[in-house]
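> Supplied in structure tokens, the structure appears directly below.
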Amino acid sequence: MSDVAAIQNLVQKQKELKKEISKIIVGQEEVVNQIVLSVFSGGHALLVGVPGLAKTLMVNTISQALGLDFKRIQFTPDLMPSDILGSEILDENRSFKFIKGPIFSNIILADEINRTPPKTQAALLEAMQEKAVTIAGHHYKLDLPFFVLATQNPIEQEGTYPLPEAQLDRFMFAVKLDYPSFAEEVQVVKSTTTDNNVQVNALFTAQEIIDFQHLIRRIPVADNVIEYAVTLVSKTRPNNPLATDFVKNYLDWGAGPRASQNLILAAKTHAALNGKFSPDIEDVQAVATGILRHRIIKNYKADAEGISEESIIQKLF
């Protein structure tokens, strides 16, 4: 199949995927869009929202519709790295045998990721970056495709450990979930308080998703679009000559080079999912908020004046 035909096929499959997800998830289209973007770009996503907004249900539904193996890890203060990665035990022949942990799955739902200490959070770093883990000196490759979809509750700060910057930077998107609209909430209540059992069909195989990820990496990008993405990221760095006074006033730190890479990858995916064969500046702008939101660090002045990350990113355009 030619790349042109493959992109048309991807557009069609993505429409079917969203239809399948909407059987269970009401509204939240922007959130579903960003998770689908990160899946086909081969990135990870962090979902930030108050309890009860169906974050866990959404990840579960998406993994079913993608036809992928799914494991949920509930992060707690006493969770150990071996509870995620697996451990070596002595078998009946007195030799060491490795028992795989839940990380050996296609989609990992890291539920309430900020509830666990840094030592355990760090267990995910190698898996998220290299798609492999090292345990007791042995290197194990993870099955592809591999995604971490993590959830975080922004209100409760009791007994939580803020995610280190290195960990945050591994997430391609930070997705904010909001309360549903009145009409959507009515629909949620109607559909969840009956005895109806809705089946979600698997639409993809693991190999198909890997093929689509390779297809997206083959999409050509014009130099001016790459330069635009790099300029956008450079503008977030207060000590960069391109930074505006607004950024210098309100930001302590800007985004690193991984943000530029992710902007281009996500822009390619955004273009492909909309049936375009090469991304333009609009595609970069469409994905910029989710990619930059968690990579810029506001100073106390921005907090005091109630200036949000989103408004800073909008000013960059």
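To be explicit about the labels: the chains of the structure tokens are called A, B, and onward in the order shown, and within each one the residues are counted from 1, while ligands get numbers from 1 in the order they are shown.
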Residues of region 108-303 of chain A in alpha helix (DSSP H) according to DSSP, as number ranges by chain?
A: 118-121, 123-130, 165-170, 182-192, 206-218, 223-234, 245-250, 257-273, 281-292, 300-303
> Given the choices A:Ala110, A:Ala174, A:Val233, A:Leu85, which gets closest to Ala127 (chain A) if the distance is worked out from only C-alpha atoms?
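Checking each candidate against Ala127 (chain A), we get A:Leu85 as the closest.
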> Name the closest residue to Asn60 (chain A) among the candidates A:Ala202, A:Arg94, A:Met172, A:Leu124; distances are taken between atoms, counting only C-alpha atoms.
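Checking each candidate against Asn60 (chain A), we get A:Ala202 as the closest.
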> If we count only C-alpha atoms and set the cut-off at 9 Å, which residues sit around Ala123 (chain A), ignoring sequence neighbours fewer than 4 positions away in its own chain? Please answer as a list of chain:residue names.
A:Met80, A:Pro81, A:Ser82, A:Ile84, A:Leu85, A:Pro118, A:Lys119, A:Ala127, A:Val133
> Which of these, A:Gln121, A:Ser278, A:Ser41, A:Gln12, has the shortest distance to Val221 (chain A) once you count only C-alpha atoms?
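Between A:Gln121, A:Ser278, A:Ser41, A:Gln12, the residue approaching Val221 (chain A) most closely is A:Ser278.
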> Which is closest to Ala272 (chain A) among A:Pro117, A:Gly254, A:Pro220, A:Gly42, if we use only C-alpha atoms?
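Using only C-alpha atoms, Ala272 (chain A) sits closest to A:Pro220.
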> Could you check the closest approach to Leu125 (chain A) for each of A:His44, A:Leu90, A:Lys301, A:Thr205 and tell me which residue wins, using only C-alpha atoms?
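Closest to Leu125 (chain A) of all the choices is A:His44.
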> Considering only C-alpha atoms, return as a VMD selection string whatever protein or nucleic-acid residues lie within 10 Å of Ser38 (chain A), sequence-local ones (same chain, fewer than 3 positions apart) excluded.
chain A and resid 32 to 35 41 to 45 147 149 171 to 173 262 265 to 266 269 to 270
> Between A:Asp252, A:Glu30, A:Glu20, A:Asp111, single out the one closest to Phe75 (chain A), counting only C-alpha atoms.
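Under the stated criterion, the closest residue is A:Asp111.
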> Looking only at the backbone, which of the residues in region 21-127 of chain A does DSSP tag as strand (DSSP E or B), as a PyMOL selection string?
chain A and resi 44-48+70-74+86-90+96-100+107-111
> Would you compute the distance between CA of Lys71 (chain A) and CA of Leu17 (chain A)? Give it in Å to one decimal.
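Interatomic distance here is 20.1 Å.
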